[in-house]
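Listing of query-v8.tsv, TSV, C-alpha atoms
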chain	number	residue	atom	x	y	z
L	21	MET	CA	0.00	0.00	0.00
L	22	HIS	CA	1.37	3.38	-0.97
L	23	ILE	CA	1.05	6.08	1.64
L	24	ARG	CA	2.68	9.34	2.68
L	25	VAL	CA	4.17	9.72	6.17
L	26	ASN	CA	5.57	13.01	7.40
L	27	GLY	CA	5.88	14.19	3.82
L	28	GLU	CA	7.71	11.11	2.51
L	29	GLU	CA	6.35	8.32	0.30
L	30	PHE	CA	6.29	4.72	1.60
L	31	ASP	CA	5.07	1.31	0.47
L	32	VAL	CA	3.93	-0.59	3.53
L	33	LYS	CA	2.26	-3.87	4.49
L	34	ALA	CA	0.44	-2.59	7.57
L	35	HIS	CA	-3.32	-2.10	7.48
L	36	PHE	CA	-3.73	-0.39	10.84
L	37	LEU	CA	-2.06	2.70	12.17
L	38	ASP	CA	-0.34	1.14	15.16
L	39	ASP	CA	1.09	-1.60	12.91
L	40	LEU	CA	2.33	1.07	10.52
L	41	ILE	CA	4.12	2.90	13.32
L	42	GLU	CA	5.88	-0.34	14.26
L	43	GLU	CA	6.65	-1.29	10.66
L	44	LEU	CA	8.32	2.03	9.92
L	45	GLY	CA	10.35	1.92	13.11
L	46	TYR	CA	8.90	4.77	15.11
L	47	ALA	CA	9.54	4.17	18.75
L	48	GLY	CA	8.43	5.24	22.18
L	49	ASP	CA	5.22	6.41	23.78
L	50	TRP	CA	5.59	10.08	22.92
L	51	LEU	CA	3.80	10.08	19.60
L	52	ALA	CA	0.76	11.89	18.25
L	53	THR	CA	-0.85	10.91	14.97
L	54	ALA	CA	-3.11	12.43	12.35
L	55	VAL	CA	-4.48	10.85	9.20
L	56	ASN	CA	-5.71	13.07	6.40
L	57	ASN	CA	-5.76	16.10	8.71
L	58	GLU	CA	-7.75	14.39	11.45
L	59	LEU	CA	-6.42	13.41	14.84
L	60	VAL	CA	-6.22	9.69	15.51
L	61	ALA	CA	-5.93	9.43	19.26
L	62	ASN	CA	-3.42	7.14	20.91
L	63	ASN	CA	-6.11	4.68	21.99
L	64	GLU	CA	-7.69	4.56	18.52
L	65	ARG	CA	-4.60	3.62	16.51
L	66	SER	CA	-5.04	-0.12	16.76
L	67	ASN	CA	-8.52	0.17	15.24
L	68	HIS	CA	-7.73	2.81	12.68
L	69	ARG	CA	-7.48	1.26	9.24
L	70	ILE	CA	-5.20	2.97	6.75
L	71	TYR	CA	-5.90	3.23	3.06
L	72	GLU	CA	-4.04	3.78	-0.16
L	73	HIS	CA	-2.72	7.34	-0.46
L	74	ASP	CA	-3.47	8.27	3.14
L	75	ARG	CA	-1.49	11.24	4.39
L	76	ILE	CA	-0.18	10.48	7.85
L	77	GLU	CA	1.57	12.76	10.31
L	78	ILE	CA	3.51	11.28	13.22
L	79	LEU	CA	4.62	13.94	15.69
L	80	SER	CA	6.48	14.02	18.97
L	81	PRO	CA	7.32	16.65	21.60
L	82	MET	CA	9.91	19.22	20.67
L	83	GLN	CA	11.39	22.25	22.34
L	84	GLY	CA	9.23	25.31	21.79
L	85	GLY	CA	8.74	28.86	22.89
A	27	MET	CA	-1.64	33.25	44.20
A	28	LEU	CA	-2.09	33.42	40.44
A	29	THR	CA	-4.76	31.04	39.14
A	30	LEU	CA	-4.98	30.03	35.47
A	31	TYR	CA	-7.89	27.94	34.32
A	32	GLY	CA	-8.43	26.66	37.85
A	33	LYS	CA	-4.81	25.77	38.57
A	34	ASN	CA	-2.73	27.55	41.19
A	35	ILE	CA	0.48	28.87	39.69
A	36	PRO	CA	3.20	29.35	42.30
A	37	SER	CA	5.64	31.50	40.32
A	38	ARG	CA	5.13	34.16	37.69
A	39	ILE	CA	7.97	33.24	35.34
A	40	PHE	CA	7.10	30.93	32.45
A	41	LEU	CA	9.83	29.64	30.17
A	42	GLY	CA	10.02	28.48	26.60
A	43	THR	CA	12.24	25.45	26.06
A	44	ALA	CA	13.80	26.20	22.66
A	45	GLN	CA	17.27	27.37	21.58
A	46	TYR	CA	19.23	26.39	24.71
A	47	PRO	CA	22.85	25.37	24.16
A	48	SER	CA	22.22	21.92	25.64
A	49	PRO	CA	19.47	19.87	27.30
A	50	MET	CA	21.29	20.13	30.62
A	51	ILE	CA	21.34	23.92	30.45
A	52	LEU	CA	17.63	23.91	29.67
A	53	GLU	CA	16.92	21.68	32.64
A	54	ASN	CA	19.00	23.85	34.95
A	55	ALA	CA	17.42	27.07	33.67
A	56	VAL	CA	13.94	25.74	34.37
A	57	ARG	CA	14.93	24.37	37.76
A	58	HIS	CA	16.85	27.42	39.00
A	59	SER	CA	14.28	29.94	37.79
A	60	GLY	CA	11.44	28.10	39.50
A	61	ALA	CA	9.38	28.41	36.32
A	62	SER	CA	5.79	27.28	36.88
A	63	ILE	CA	4.93	26.71	33.25
A	64	VAL	CA	7.07	25.63	30.31
A	65	THR	CA	6.07	25.74	26.68
A	66	LEU	CA	6.66	22.91	24.22
A	67	SER	CA	5.87	22.22	20.60
A	68	LEU	CA	5.14	19.25	18.34
A	69	ARG	CA	7.20	18.37	15.34
A	70	ARG	CA	7.54	15.44	12.96
A	71	GLU	CA	9.14	12.47	14.67
A	72	ILE	CA	12.27	10.93	13.22
A	73	ILE	CA	12.18	7.31	12.15
A	74	GLY	CA	14.44	4.93	13.95
A	75	GLY	CA	14.15	5.53	17.58
A	76	GLU	CA	13.75	7.85	20.46
A	77	GLN	CA	16.36	10.32	19.43
A	78	ARG	CA	14.67	12.87	21.63
A	79	SER	CA	14.44	10.58	24.62
A	80	ARG	CA	16.33	12.98	26.86
A	81	PHE	CA	13.75	15.63	26.10
A	82	HIS	CA	10.97	13.17	26.86
A	83	LYS	CA	12.57	12.41	30.21
A	84	PHE	CA	12.84	16.14	30.84
A	85	ILE	CA	9.08	16.44	30.31
A	86	GLU	CA	8.36	13.50	32.59
A	87	MET	CA	10.59	14.91	35.36
A	88	LEU	CA	9.24	18.46	35.12
A	89	ASP	CA	8.00	20.15	38.24
A	90	ALA	CA	5.99	22.59	36.13
A	91	TYR	CA	2.86	22.69	34.04
A	92	VAL	CA	3.24	21.94	30.36
A	93	LEU	CA	1.82	24.45	27.89
A	94	PRO	CA	2.00	23.05	24.34
A	95	ASN	CA	1.97	25.58	21.52
A	96	THR	CA	0.81	25.75	17.94
A	97	ALA	CA	3.98	27.52	16.82
A	98	GLY	CA	4.45	27.80	13.10
A	99	CYS	CA	0.78	27.43	12.28
A	100	CYS	CA	-0.47	30.00	9.77
A	101	SER	CA	-4.13	29.03	9.42
A	102	VAL	CA	-7.10	28.18	11.60
A	103	LYS	CA	-7.09	24.63	10.27
A	104	GLU	CA	-3.42	24.04	11.06
A	105	ALA	CA	-3.72	25.50	14.54
A	106	VAL	CA	-6.84	23.53	15.45
A	107	ILE	CA	-5.41	20.20	14.26
A	108	THR	CA	-2.13	20.87	16.05
A	109	ALA	CA	-4.00	21.70	19.25
A	110	ARG	CA	-5.93	18.43	19.06
A	111	LEU	CA	-2.69	16.49	18.56
A	112	ALA	CA	-1.10	18.33	21.47
A	113	ARG	CA	-3.98	17.46	23.78
A	114	ASP	CA	-3.72	13.81	22.88
A	115	LEU	CA	0.04	13.81	23.38
A	116	PHE	CA	0.44	15.90	26.52
A	117	LYS	CA	-2.87	15.02	28.21
A	118	THR	CA	-3.73	18.63	28.90
A	119	ASN	CA	-6.49	20.95	27.75
A	120	TRP	CA	-4.05	23.86	27.85
A	121	ILE	CA	-2.93	25.24	24.51
A	122	LYS	CA	-0.83	28.27	23.67
A	123	LEU	CA	-2.62	29.30	20.52
A	124	GLU	CA	-0.38	30.85	17.88
A	125	VAL	CA	-1.56	31.66	14.37
A	126	ILE	CA	1.17	33.55	12.59
A	127	GLY	CA	0.15	36.14	10.04
A	128	ASN	CA	3.46	37.59	8.91
A	129	GLN	CA	6.75	35.77	8.60
A	130	ASP	CA	8.95	38.86	9.03
A	131	THR	CA	7.45	39.98	12.30
A	132	LEU	CA	5.82	36.70	13.38
A	133	GLN	CA	2.86	38.91	14.16
A	134	PRO	CA	-0.24	36.92	15.04
A	135	ASP	CA	-3.09	36.81	12.53
A	136	ILE	CA	-5.65	38.17	14.93
A	137	PHE	CA	-8.65	37.29	12.76
A	138	ALA	CA	-7.62	33.67	12.44
A	139	LEU	CA	-6.66	33.67	16.12
A	140	VAL	CA	-10.15	34.62	17.24
A	141	GLU	CA	-11.73	32.06	14.92
A	142	ALA	CA	-9.45	29.28	16.11
A	143	ALA	CA	-10.00	30.25	19.73
A	144	LYS	CA	-13.77	29.93	19.32
A	145	ILE	CA	-13.44	26.43	17.87
A	146	LEU	CA	-11.01	25.25	20.53
A	147	VAL	CA	-12.97	26.68	23.45
A	148	GLU	CA	-16.05	24.85	22.18
A	149	GLU	CA	-13.98	21.66	22.15
A	150	GLY	CA	-13.05	22.14	25.79
A	151	PHE	CA	-9.58	23.62	25.42
A	152	ASP	CA	-8.17	26.17	27.85
A	153	VAL	CA	-6.80	28.64	25.35
A	154	PHE	CA	-3.80	30.89	26.00
A	155	PRO	CA	-3.86	33.14	22.91
A	156	TYR	CA	-0.62	34.72	21.74
A	157	MET	CA	-1.86	38.10	20.52
A	158	THR	CA	-0.98	41.68	19.77
A	159	ASP	CA	-1.71	44.41	22.31
A	160	ASP	CA	-4.95	45.41	20.54
A	161	LEU	CA	-7.81	46.01	22.93
A	162	ILE	CA	-10.57	45.00	20.53
A	163	VAL	CA	-8.86	41.71	19.78
A	164	ALA	CA	-8.64	41.17	23.52
A	165	GLU	CA	-12.37	41.75	23.86
A	166	ARG	CA	-13.13	39.32	21.03
A	167	LEU	CA	-10.93	36.65	22.54
A	168	VAL	CA	-12.59	37.05	25.92
A	169	ALA	CA	-16.00	36.85	24.21
A	170	ALA	CA	-14.80	33.65	22.53
A	171	GLY	CA	-14.20	32.16	25.97
A	172	CYS	CA	-10.51	32.81	26.65
A	173	LYS	CA	-9.97	33.24	30.39
A	174	THR	CA	-6.42	34.48	30.06
A	175	LEU	CA	-4.64	36.52	27.40
A	176	MET	CA	-1.03	36.68	26.26
A	177	PRO	CA	-0.24	39.98	24.54
A	178	TRP	CA	3.17	40.48	23.01
A	179	CYS	CA	5.32	43.41	24.01
A	180	ALA	CA	7.46	43.21	20.84
A	181	PRO	CA	8.06	40.66	18.07
A	182	ILE	CA	9.20	37.17	19.09
A	183	GLY	CA	12.93	36.99	19.69
A	184	SER	CA	13.47	40.71	19.07
A	185	ALA	CA	14.60	41.52	22.63
A	186	LYS	CA	13.28	45.02	22.12
A	187	GLY	CA	11.20	45.11	25.27
A	188	PRO	CA	7.91	46.97	25.64
A	189	SER	CA	7.41	49.09	22.53
A	190	ASN	CA	3.84	50.16	23.20
A	191	THR	CA	3.50	50.57	26.93
A	192	ALA	CA	0.39	52.69	26.60
A	193	SER	CA	-1.55	49.89	24.86
A	194	LEU	CA	-0.44	47.35	27.42
A	195	ARG	CA	-1.43	49.66	30.26
A	196	THR	CA	-4.83	50.22	28.65
A	197	MET	CA	-5.35	46.47	28.37
A	198	ARG	CA	-4.43	46.01	32.01
A	199	ASP	CA	-6.81	48.77	33.08
A	200	HIS	CA	-9.60	47.40	30.89
A	201	PHE	CA	-9.36	43.85	32.26
A	202	PRO	CA	-8.42	44.34	35.92
A	203	ASP	CA	-9.37	40.79	36.94
A	204	LEU	CA	-8.35	38.80	33.87
A	205	PRO	CA	-4.96	37.06	34.00
A	206	LEU	CA	-2.69	38.81	31.51
A	207	ILE	CA	0.66	37.26	30.62
A	208	VAL	CA	3.14	39.22	28.54
A	209	ASP	CA	4.59	36.89	25.95
A	210	ALA	CA	7.42	37.60	23.53
A	211	GLY	CA	9.79	40.41	22.77
A	212	ILE	CA	11.43	40.78	26.16
A	213	GLY	CA	15.19	41.27	26.21
A	214	ARG	CA	16.26	42.35	29.67
A	215	PRO	CA	15.24	41.54	33.23
A	216	SER	CA	14.37	45.23	33.66
A	217	HIS	CA	11.80	44.90	30.85
A	218	ALA	CA	10.09	42.19	32.87
A	219	THR	CA	10.20	44.24	36.05
A	220	MET	CA	8.61	47.22	34.32
A	221	LEU	CA	5.79	45.10	32.91
A	222	MET	CA	5.13	43.45	36.25
A	223	GLU	CA	5.07	46.88	37.91
A	224	LEU	CA	2.21	47.72	35.53
A	225	GLY	CA	0.26	44.86	37.04
A	226	PHE	CA	0.71	42.08	34.53
A	227	ASP	CA	0.31	38.67	36.06
A	228	ALA	CA	3.25	36.80	34.59
A	229	ILE	CA	5.94	36.84	31.93
A	230	LEU	CA	6.57	34.15	29.33
A	231	LEU	CA	9.97	34.34	27.68
A	232	ASN	CA	12.42	32.15	25.85
A	233	THR	CA	15.07	33.74	23.66
A	234	ALA	CA	16.31	36.26	26.21
A	235	VAL	CA	17.19	33.38	28.52
A	236	ALA	CA	18.20	30.68	26.05
A	237	LYS	CA	20.53	32.94	24.04
A	238	ALA	CA	22.17	34.63	27.02
A	239	LEU	CA	25.83	33.99	27.64
A	240	ASP	CA	24.81	32.14	30.80
A	241	PRO	CA	21.19	30.99	30.38
A	242	VAL	CA	20.91	29.56	33.89
A	243	LYS	CA	22.05	32.79	35.50
A	244	MET	CA	19.78	34.81	33.19
A	245	ALA	CA	16.82	32.62	34.12
A	246	GLN	CA	17.50	33.40	37.75
A	247	ALA	CA	17.87	37.10	36.97
A	248	PHE	CA	14.47	37.12	35.26
A	249	ALA	CA	12.87	35.21	38.12
A	250	GLN	CA	14.10	37.83	40.61
A	251	ALA	CA	13.19	40.72	38.30
A	252	ILE	CA	9.65	39.38	37.88
A	253	THR	CA	9.25	38.90	41.61
A	254	ALA	CA	10.55	42.43	42.27
A	255	GLY	CA	8.12	43.93	39.77
A	256	ARG	CA	5.20	42.03	41.22
A	257	LEU	CA	6.05	43.01	44.79
A	258	GLY	CA	6.36	46.62	43.67
A	259	PHE	CA	2.95	46.50	42.01
A	260	GLU	CA	1.33	44.95	45.07
A	261	ALA	CA	3.05	47.43	47.39
A	262	GLY	CA	1.66	50.42	45.51
A	263	ILE	CA	4.03	52.52	43.44
A	264	LEU	CA	4.08	56.30	43.87
A	265	ASN	CA	3.01	58.49	41.01
A	266	PRO	CA	5.82	60.77	39.81
A	267	ARG	CA	5.75	64.47	40.79
A	268	ASP	CA	7.24	67.55	39.20
A	269	ILE	CA	8.39	69.14	42.46
A	270	ALA	CA	10.67	67.88	45.18
A	271	ILE	CA	9.31	66.90	48.57
A	272	PRO	CA	11.90	66.50	51.33
A	273	SER	CA	12.05	63.02	52.72
A	274	THR	CA	13.77	64.10	55.93
A	275	PRO	CA	11.40	65.82	58.40
A	276	VAL	CA	11.68	69.62	58.40
A	277	ILE	CA	10.18	69.98	61.89
A	278	GLY	CA	12.83	70.16	64.58
A	279	GLN	CA	15.60	71.13	62.25
A	280	ALA	CA	18.26	73.21	64.05
A	281	VAL	CA	18.68	76.79	63.01
A	282	PHE	CA	22.16	78.26	62.66
A	283	PRO	CA	21.67	81.93	61.90
Please render this file's structure as structure tokens.
Amino acid sequence: MHIRVNGEEFDVKAHFLDDLIEELGYAGDWLATAVNNELVANNERSNHRIYEHDRIEILSPMQGG
Amino acid sequence: MLTLYGKNIPSRIFLGTAQYPSPMILENAVRHSGASIVTLSLRREIIGGEQRSRFHKFIEMLDAYVLPNTAGCCSVKEAVITARLARDLFKTNWIKLEVIGNQDTLQPDIFALVEAAKILVEEGFDVFPYMTDDLIVAERLVAAGCKTLMPWCAPIGSAKGPSNTASLRTMRDHFPDLPLIVDAGIGRPSHATMLMELGFDAILLNTAVAKALDPVKMAQAFAQAITAGRLGFEAGILNPRDIAIPSTPVIGQAVFP
């Protein structure tokens, strides 16, 4: 399945968001996710199916002012 | 004690966490200043591991409230989505709402700011809007449900200090009971003291501390300056006069003709 994660193109096997995070090698508990401009909460990732051409953002805390 | 959205805030210095020379210096600056609130942002995670794990540990060990921001957002849509992500990540309804309207000045887009604030308040967020010192914008944000405001005193990172004291004073006078936090543009501890003497409730700053030669010492300097300004405000500052009044009693003065 061809998708876009954080602005980069990927071909992945995962069908659910939490599997995708693991497949791509993102690590740790400090992650926030959005699919096609909509928040997918931490506790919804395992049930959130991903589809061809989805645009996914995976964010984490960063220093900020 | 200062209360923001129902939480007691023990100190009146709030620190941004960006631009420090090292994570250790950031940690020490926060600790030694006694900052009650620290601001954070969200950015794209890097594949391959917890490269920011030290920063995550810093967040977990913090003895301060976390105030995530929507820095870099230039539209209502961007800011609202970022706020939702921040709430899910940091488990807080607090959001420092930034909607930038001009890249040269980083001036907030006040129209988009008010619109985003309305949406987020309806979704249960406690909105801390980063705004200009415009009184009408302040009124609109309060009408939208903001229970604290964060006017700038000068552009972010400029270190200019208060450039429109009259507007800030007007805002303070107009909202005597609303928590007002001056955010952005401060350069010197004396800037912070002056603003606190006007009756502002707290100061949020970042660059002036992080880019100082000794950020930890500067954080302490700001903490003391903010405390001094607040104490001065509470104590009641004299209005200036055009004529001298002797401070030493005149009665009983010896006469030597």
Give one line per residue of chain A that approaches chain L to at most 9 Å, naming the two atoms of the closest pair and their distance in Å to one decimal, counting all atoms listed in the file; sort by chain then ascending residue number and deliver it as JSON lines.
{"residue": "A:Leu41", "atom": "CA", "partner": "L:Gly85", "partner_atom": "CA", "distance": 7.4}
{"residue": "A:Gly42", "atom": "CA", "partner": "L:Gly85", "partner_atom": "CA", "distance": 3.9}
{"residue": "A:Thr43", "atom": "CA", "partner": "L:Gln83", "partner_atom": "CA", "distance": 5.0}
{"residue": "A:Ala44", "atom": "CA", "partner": "L:Gln83", "partner_atom": "CA", "distance": 4.6}
{"residue": "A:Gln45", "atom": "CA", "partner": "L:Gln83", "partner_atom": "CA", "distance": 7.8}
{"residue": "A:Val64", "atom": "CA", "partner": "L:Gly85", "partner_atom": "CA", "distance": 8.3}
{"residue": "A:Thr65", "atom": "CA", "partner": "L:Gly85", "partner_atom": "CA", "distance": 5.6}
{"residue": "A:Leu66", "atom": "CA", "partner": "L:Gly84", "partner_atom": "CA", "distance": 4.3}
{"residue": "A:Ser67", "atom": "CA", "partner": "L:Gly84", "partner_atom": "CA", "distance": 4.7}
{"residue": "A:Leu68", "atom": "CA", "partner": "L:Pro81", "partner_atom": "CA", "distance": 4.7}
{"residue": "A:Arg69", "atom": "CA", "partner": "L:Leu79", "partner_atom": "CA", "distance": 5.1}
{"residue": "A:Arg70", "atom": "CA", "partner": "L:Leu79", "partner_atom": "CA", "distance": 4.3}
{"residue": "A:Glu71", "atom": "CA", "partner": "L:Leu79", "partner_atom": "CA", "distance": 4.9}
{"residue": "A:Ile72", "atom": "CA", "partner": "L:Tyr46", "partner_atom": "CA", "distance": 7.3}
{"residue": "A:Ile73", "atom": "CA", "partner": "L:Tyr46", "partner_atom": "CA", "distance": 5.1}
{"residue": "A:Gly74", "atom": "CA", "partner": "L:Gly45", "partner_atom": "CA", "distance": 5.1}
{"residue": "A:Gly75", "atom": "CA", "partner": "L:Ala47", "partner_atom": "CA", "distance": 4.9}
{"residue": "A:Glu76", "atom": "CA", "partner": "L:Ala47", "partner_atom": "CA", "distance": 5.8}
{"residue": "A:Arg78", "atom": "CA", "partner": "L:Met82", "partner_atom": "CA", "distance": 8.0}
{"residue": "A:Ser79", "atom": "CA", "partner": "L:Gly48", "partner_atom": "CA", "distance": 8.4}
{"residue": "A:Phe81", "atom": "CA", "partner": "L:Met82", "partner_atom": "CA", "distance": 7.6}
{"residue": "A:His82", "atom": "CA", "partner": "L:Pro81", "partner_atom": "CA", "distance": 7.3}
{"residue": "A:Ile85", "atom": "CA", "partner": "L:Pro81", "partner_atom": "CA", "distance": 8.9}
{"residue": "A:Pro94", "atom": "CA", "partner": "L:Gly84", "partner_atom": "CA", "distance": 8.0}
{"residue": "A:Asn95", "atom": "CA", "partner": "L:Gly84", "partner_atom": "CA", "distance": 7.3}
{"residue": "A:Ala97", "atom": "CA", "partner": "L:Gly84", "partner_atom": "CA", "distance": 7.6}
{"residue": "A:Lys103", "atom": "CA", "partner": "L:Asn57", "partner_atom": "CA", "distance": 8.8}
{"residue": "A:Glu104", "atom": "CA", "partner": "L:Asn57", "partner_atom": "CA", "distance": 8.6}
{"residue": "A:Ile107", "atom": "CA", "partner": "L:Glu58", "partner_atom": "CA", "distance": 6.9}
{"residue": "A:Thr108", "atom": "CA", "partner": "L:Leu59", "partner_atom": "CA", "distance": 8.7}
{"residue": "A:Arg110", "atom": "CA", "partner": "L:Leu59", "partner_atom": "CA", "distance": 6.6}
{"residue": "A:Leu111", "atom": "CA", "partner": "L:Ala52", "partner_atom": "CA", "distance": 5.8}
{"residue": "A:Ala112", "atom": "CA", "partner": "L:Ala52", "partner_atom": "CA", "distance": 7.4}
{"residue": "A:Asp114", "atom": "CA", "partner": "L:Ala61", "partner_atom": "CA", "distance": 6.1}
{"residue": "A:Leu115", "atom": "CA", "partner": "L:Ala52", "partner_atom": "CA", "distance": 5.5}
{"residue": "A:Phe116", "atom": "CA", "partner": "L:Pro81", "partner_atom": "CA", "distance": 8.5}
{"residue": "A:Ala210", "atom": "CA", "partner": "L:Gly85", "partner_atom": "CA", "distance": 8.9}
{"residue": "A:Leu230", "atom": "CA", "partner": "L:Gly85", "partner_atom": "CA", "distance": 8.6}
{"residue": "A:Leu231", "atom": "CA", "partner": "L:Gly85", "partner_atom": "CA", "distance": 7.4}
{"residue": "A:Asn232", "atom": "CA", "partner": "L:Gly85", "partner_atom": "CA", "distance": 5.8}
{"residue": "A:Thr233", "atom": "CA", "partner": "L:Gly85", "partner_atom": "CA", "distance": 8.0}
**All residues 12 Å or closer to stretch 157-166 of chain A, all atoms listed in the file, same chain fewer than 5 positions away omitted, as an MDAnalysis selection string** = chainID A and resid 122:127 131:144 171:182 188:201 204:211
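The spacing separating atom CA of L:Glu64 from atom CA of L:Glu43 amounts to 17.4 Å.
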**Item:** Interatomic distance, atom CA of A:Ile277 to atom CA of A:Gly262 (Å, one decimal)
**Value:**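 Separation of atom CA of A:Ile277 and atom CA of A:Gly262: 26.9 Å.
Interatomic distance, atom CA of A:Ile145 against atom CA of A:Tyr31: 17.4 Å.
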